[in-house]
Amino acid sequence: MNETITNLWSIPLLIVIPILTAIVVNLLYNRGRAIRAVSIASAAVLLVISLVSPYGFQWFTGQPGVTYDGTYTFNANVFSWKLSLEYYYGPLQQIMISVMSFLLLFVVAISTKSLKKNFGPYIALMFLTYLSAAAIMMVNDFYHLWIAVEIGSLLVAGLVAASGGGAAQKAALKYTFFSALSGSGLAIALALILGITGYANITDAINSVRINDLSGMYNVLYVSFAFLMLSWIYAGGLAPIHPLKSDVYRSAYPHATVMLQTQSKLTLVAIGLVLLRMFGTLPFAREAMLSISILTMVIGIVMALIQTDFRWILAYLIVSHSGLVTVGISLGTFRGIVGGLFQAVNDVIYMSLLLVCCEMVLYFGRGTSIKFSGGLAKRAPLLTVFVILGTLAASGVPPFNGFQSELILIQAALEQGLPEVAAVILMVSVSTFIALFRAIYSIFLRPGDELQQGSERFKLPGTTLMFLVALVAITLVLGIYPQLALNFLTESALKVVFVPWVP
Amino acid sequence: MDIKELKGIRGIIAAIALVIIFAGVLSSFMQLEGNVTRGISEEYNKLAYRVAPNNLASWVYDYRGFDTLIETGVIYVGAVVSVLVLGRGLVGLKGVDDEERVVAEPMDLKTETMPVLLKYFALPVVILLVSYGLLVVTGASTSGGGGFQCGVIVASAYLLSVVIYGKRSPFNLKKKTLIAFGAFGWGLYTMLGLPGYLTTNYWQYNVGADLWSWVPSFPGSVPEVLRTVFGEPFKLALELKEGVFYATSGIIPLINIGEAFNVIGAICLIFFAFIYGWSDSEEGSGK
């Protein structure tokens with residue numbers, strides 16, 4: 001595959017198709033069948049593009065790079081300062097965006113069947129959420145990263161607000177207000193980086209730091225690092241912002257949370273890698289990132305253990321497992337980064353499995369509270385099997401995918417001489433099982449509930465069943481043959497550790 | 001949040017955090033003083049004369065034009081999210097009992113109490129504002145104007161008209177029209193990237209200005225017909241004693257028209273939703 005091309009055909013399509021789909025479905029507004037057809041077709045096209053695309057760059061608007069001698073070039077292999085906004089599509093982007101495209105396809109297929117009228121704007125927001133996450137993953141530019149994070153925050157609020165209840169509105173408004181800090185943090189970091197380096201392009205900014213003598217400018221570097229980390233915390237919902245993000249995950253419909261948590265994980269990965277590339281060599285930078293990650297894991301899991309509603313439990317588990325993703329990245333070693341990236345992939349898959357099961361509980365049961373529902377296993381045995389399999393995957397039980405990534409993370413922590421971090425990761429795994437199984441017992445297995453009195457079995461809708469089967473299959477395949485995913489992740493981890501200026 | 005909540009330990013932590021942030025930012029800016037690197041901006045300035053005479057327009061809509069496309073999306077999404085919060089397009093799951101829906105009530109706008117003088121004065125102001133908006137958007141590449149500014153000016157004319165005349169406003173845009181404006185604007189901006197993409201694979205390459213075909217490593221080529229269609233209408237001559245130099249801003253003026261529609265649609269829609277509330281049975285302010 002030719003990675004030197006700067007006009008890769010697929011990158012613009014991955015951004016423009018969601019925009020045009022969003023515009024069209026918003027205009028269609030209440031024409032359910034048309035919205036369903038357009039959105040499924042678009043999501044399928046996005047999945048195909050992400051799977052078949054070669055690797056390379058897109059220099060938007062076709063501006064060249066300026067070489068050392070002042071000449072212009074369109075070759076990515078020639079050293080140059082970029083006039084264009086640069087996106088990169090490599091193996092990491094491919095696996096992340098392909099997984100997200102797959103999830104989007106099923107989420108729109110499920111939601112356009114299960115929602116009541118007037119869902120055009122809602123589906124539009126789904127596509128734009130995809131757009132923001134894809135942009136965040138591919139962009140190699142601080143300024144554009146800021147814009148993508150901004151639009152992403154707004155979209156989270158929109159998806160939550162659309163579910164219409166008072167609690168959702170409150171969560172959305174609260175999130176909008178606080179997430180403004182994320183954008184502002186990035187804006188200040190951007191201003192300082194631009195001031196000190198003169199370049200918005202991340203590669204160029206790193207090269208500028210390497211070439212120019214910045215001794216005596218550490219204050220600026222640390223403050224821009226701090227603000228970039230602030231935006232990482234806000235956009236990804238890390239501690240101490242976890243209550244806001246978990247509120248959002250809980251308040252949105254579970255199918256929407258599938259997209260929201262995917263967007264969060266991709267944002268955590270993308271900004272996390274940028275932090276490492278730009279500031280990884282600053283003393284105490286990785287330690288600061290690691291502290292936040294451990295705090296997120298611990299607080300998230302403790303909060304999950306004390307919840308009495310399946311949706312809240314999942315919301316806090318998503319937060320806690322975000323910490324697993326970032327702990328690997330924060331270790332900053334090759335194995336740690338691979339573990340973190342692999343955990344992100346695995347996490348969005350098994351959490352999606354659990355979230356779709358949760359949505360089915362909303363249909364079949366009487367809400368998701370573990371106090372007032374029970375006995376669902378008798379009426380929905382297949383759903384019970386799926387939710388148990390999802391729990392095993394999330395808890396890091398072999399042969400599911402969660403086991404492989406958590407094992408790599410534990411090894412990476414031990415290699416770094418941090419057994420206490422390995423112990424926390426292990427604790428998160430075990431506690432995840434306890435938190436989820438408590439909910440499963442109450443909702444599915446607890447005897448004596450009147451739901452058990454009926455004899456008719458609840459039937460899973462065809463699309464949902466297909467989605468659940470596919471998700472379980474992926475968790476098993478990645479658990480048995482992790483190399484399938486690791487092949488996409490190792491190159492990125494190597495670049496971050498050894499040649500951070502290369503996107 | 002009640003201000004009383006900031007007393008005690010929370011307030012102390014917030015105050016300390018603010019002081020640290022303030023000190024950090026201030027000291028950084030002080031350290032930057034005299035040490036700002038001009039970097040890539042110098043290269044942009046070198047190219048200034050070759051596209052739009054308004055260098056800012058070249059930066060915003062050409063060199064960094066894709067940034068602006070997504071920023072335009074921020075405005076569009078802002079409008080959609082605002083009306084969602086106020087009730088449009090709220091969704092519910094079939095067969096699942098929902099919480100009570102949020103319903104947006106219209107504002108209690110009493111236009112009949114407006115002084116007669118204001119009513120006579122407002123109409124010409126509205127007409128002037130709309131005209132000024134049109135002037136600003138048409139001069140996007142040659143003066144300090146553009147689609148954003150035009151959108152905001154026309155939206156302010158709409159707001160003035162609605163506040164003074166209420167539902168009898170002469171500048172009465174229905175919600176479907178506003179939604180269509182926003183969609184058309186963002187859609188037009190997006191699709192203006194297509195000619196460049198089809199000919200060079202670079203999205204939003206300015207085929208009218210066609211700055212880079214002469215570079216040997218430039219992939220693709222722009223057909224003469226596209227260069228003429230998008231370049232000729234916006235061609236400008238710079239007369240100097242050294243001679244007459246021609247430049248064209250290419251697709252920049254068209255992008256600004258899309259931008260203007262998007263901003264008019266988005267901002268007016270937000271005004272509309274706040275003033276009239278939102279219900280799916282209501283067909284716009286005119287009824």
# chains A, B, ... in the order shown; residues from 1 in each chain; ligands from 1
$ closest_atom_pairs --of "chain B" --to "chain A" --cutoff "7 Å" --atoms "only C-alpha atoms" --output "JSON lines"
{"residue": "B:Gly24", "atom": "CA", "partner": "A:Val223", "partner_atom": "CA", "distance": 6.1}
{"residue": "B:Val25", "atom": "CA", "partner": "A:Val223", "partner_atom": "CA", "distance": 6.8}
{"residue": "B:Ser28", "atom": "CA", "partner": "A:Val220", "partner_atom": "CA", "distance": 4.7}
{"residue": "B:Gln31", "atom": "CA", "partner": "A:Met217", "partner_atom": "CA", "distance": 6.8}
{"residue": "B:Leu32", "atom": "CA", "partner": "A:Gly195", "partner_atom": "CA", "distance": 6.9}
{"residue": "B:Val36", "atom": "CA", "partner": "A:Gly195", "partner_atom": "CA", "distance": 4.9}
{"residue": "B:Thr37", "atom": "CA", "partner": "A:Gly198", "partner_atom": "CA", "distance": 4.9}
{"residue": "B:Arg38", "atom": "CA", "partner": "A:Gly198", "partner_atom": "CA", "distance": 5.0}
{"residue": "B:Gly39", "atom": "CA", "partner": "A:Gly198", "partner_atom": "CA", "distance": 3.9}
{"residue": "B:Ile40", "atom": "CA", "partner": "A:Tyr199", "partner_atom": "CA", "distance": 5.9}
{"residue": "B:Asp62", "atom": "CA", "partner": "A:Thr61", "partner_atom": "CA", "distance": 6.6}
{"residue": "B:Tyr63", "atom": "CA", "partner": "A:Ser84", "partner_atom": "CA", "distance": 6.1}
{"residue": "B:Arg64", "atom": "CA", "partner": "A:Leu85", "partner_atom": "CA", "distance": 6.3}
{"residue": "B:Gly65", "atom": "CA", "partner": "A:Thr61", "partner_atom": "CA", "distance": 6.8}
{"residue": "B:Phe66", "atom": "CA", "partner": "A:Phe60", "partner_atom": "CA", "distance": 6.5}
{"residue": "B:Asp67", "atom": "CA", "partner": "A:His144", "partner_atom": "CA", "distance": 6.0}
{"residue": "B:Glu71", "atom": "CA", "partner": "A:Ile147", "partner_atom": "CA", "distance": 6.6}
{"residue": "B:Val74", "atom": "CA", "partner": "A:Ile151", "partner_atom": "CA", "distance": 5.4}
{"residue": "B:Gly78", "atom": "CA", "partner": "A:Leu154", "partner_atom": "CA", "distance": 7.0}
{"residue": "B:Val81", "atom": "CA", "partner": "A:Gly158", "partner_atom": "CA", "distance": 4.8}
{"residue": "B:Leu84", "atom": "CA", "partner": "A:Ala162", "partner_atom": "CA", "distance": 5.7}
{"residue": "B:Val85", "atom": "CA", "partner": "A:Ala161", "partner_atom": "CA", "distance": 5.7}
{"residue": "B:Gly89", "atom": "CA", "partner": "A:Asn118", "partner_atom": "CA", "distance": 5.3}
{"residue": "B:Leu90", "atom": "CA", "partner": "A:Ala162", "partner_atom": "CA", "distance": 4.6}
{"residue": "B:Val91", "atom": "CA", "partner": "A:Ser163", "partner_atom": "CA", "distance": 5.4}
{"residue": "B:Gly92", "atom": "CA", "partner": "A:Lys116", "partner_atom": "CA", "distance": 5.4}
{"residue": "B:Leu93", "atom": "CA", "partner": "A:Leu115", "partner_atom": "CA", "distance": 4.6}
{"residue": "B:Lys94", "atom": "CA", "partner": "A:Lys116", "partner_atom": "CA", "distance": 5.5}
{"residue": "B:Gly95", "atom": "CA", "partner": "A:Tyr363", "partner_atom": "CA", "distance": 6.8}
{"residue": "B:Val96", "atom": "CA", "partner": "A:Tyr363", "partner_atom": "CA", "distance": 6.1}
{"residue": "B:Glu99", "atom": "CA", "partner": "A:Gly165", "partner_atom": "CA", "distance": 5.1}
{"residue": "B:Glu100", "atom": "CA", "partner": "A:Gly165", "partner_atom": "CA", "distance": 5.8}
{"residue": "B:Arg101", "atom": "CA", "partner": "A:Gly165", "partner_atom": "CA", "distance": 5.3}
{"residue": "B:Val102", "atom": "CA", "partner": "A:Gly164", "partner_atom": "CA", "distance": 6.0}
{"residue": "B:Ala183", "atom": "CA", "partner": "A:Ile23", "partner_atom": "CA", "distance": 5.7}
{"residue": "B:Gly187", "atom": "CA", "partner": "A:Leu20", "partner_atom": "CA", "distance": 6.7}
{"residue": "B:Asn201", "atom": "CA", "partner": "A:Asn7", "partner_atom": "CA", "distance": 5.3}
{"residue": "B:Tyr202", "atom": "CA", "partner": "A:Gly62", "partner_atom": "CA", "distance": 5.1}
{"residue": "B:Trp203", "atom": "CA", "partner": "A:Phe60", "partner_atom": "CA", "distance": 5.5}
{"residue": "B:Gln204", "atom": "CA", "partner": "A:Thr61", "partner_atom": "CA", "distance": 4.6}
{"residue": "B:Tyr205", "atom": "CA", "partner": "A:Thr61", "partner_atom": "CA", "distance": 4.1}
{"residue": "B:Asn206", "atom": "CA", "partner": "A:Thr61", "partner_atom": "CA", "distance": 6.7}
{"residue": "B:Val215", "atom": "CA", "partner": "A:Tyr72", "partner_atom": "CA", "distance": 7.0}
{"residue": "B:Ser217", "atom": "CA", "partner": "A:Phe74", "partner_atom": "CA", "distance": 5.6}
{"residue": "B:Phe218", "atom": "CA", "partner": "A:Phe74", "partner_atom": "CA", "distance": 5.8}
$ select_by_dssp --residues "stretch 87-183 of chain A" --states "helix (DSSP H, G or I)" --output "ChimeraX atom specification"
/A:91-114,120-138,142-161,166-183
$ residues_around --residues "stretch 486-490 of chain A" --least-positions-apart "4" --cutoff "7 Å" --atoms "only C-alpha atoms" --output "PyMOL selection string"
chain A and resi 91-92+95+338+341-342+482+494
$ write_last_selection --atoms "N, CA, C and O atoms" --output "short mmCIF file (atom, residue, chain, number, x, y, z; two decimals), in the first residue's frame"
data_model
loop_
_atom_site.label_atom_id
_atom_site.label_comp_id
_atom_site.auth_asym_id
_atom_site.auth_seq_id
_atom_site.Cartn_x
_atom_site.Cartn_y
_atom_site.Cartn_z
N PRO A 91 -3.29 1.92 9.53
CA PRO A 91 -3.89 0.71 10.10
C PRO A 91 -4.73 0.98 11.35
O PRO A 91 -5.81 0.40 11.51
N LEU A 92 -4.23 1.86 12.25
CA LEU A 92 -5.00 2.17 13.46
C LEU A 92 -6.35 2.78 13.10
O LEU A 92 -7.40 2.39 13.62
N ILE A 95 -8.82 0.12 11.60
CA ILE A 95 -9.55 -0.78 12.51
C ILE A 95 -10.57 -0.02 13.35
O ILE A 95 -11.71 -0.46 13.52
N VAL A 338 -0.01 -0.62 22.78
CA VAL A 338 -0.74 -1.67 22.06
C VAL A 338 -1.90 -2.17 22.92
O VAL A 338 -3.03 -2.32 22.44
N LEU A 341 -4.71 0.47 23.00
CA LEU A 341 -5.45 0.54 21.74
C LEU A 341 -6.33 -0.71 21.56
O LEU A 341 -7.50 -0.61 21.15
N PHE A 342 -5.77 -1.86 21.90
CA PHE A 342 -6.53 -3.11 21.78
C PHE A 342 -7.72 -3.10 22.75
O PHE A 342 -8.83 -3.52 22.41
N PRO A 482 -6.00 -12.91 18.71
CA PRO A 482 -5.85 -11.46 18.89
C PRO A 482 -4.99 -10.80 17.83
O PRO A 482 -5.11 -9.59 17.59
N LEU A 494 4.45 1.62 17.58
CA LEU A 494 5.89 1.78 17.28
C LEU A 494 6.20 3.23 16.91
O LEU A 494 7.19 3.81 17.36
#
$ closest_atom_pairs --of "stretch 289-337 of chain A" --to "stretch 439-445 of chain A" --cutoff "9 Å" --atoms "only C-alpha atoms" --output "CSV"
residue,atom,partner,partner_atom,distance
A:Thr308,CA,A:Ala439,CA,7.7
A:Asp309,CA,A:Ala439,CA,7.6
A:Phe310,CA,A:Ala439,CA,6.0
A:Ile313,CA,A:Ala439,CA,8.1
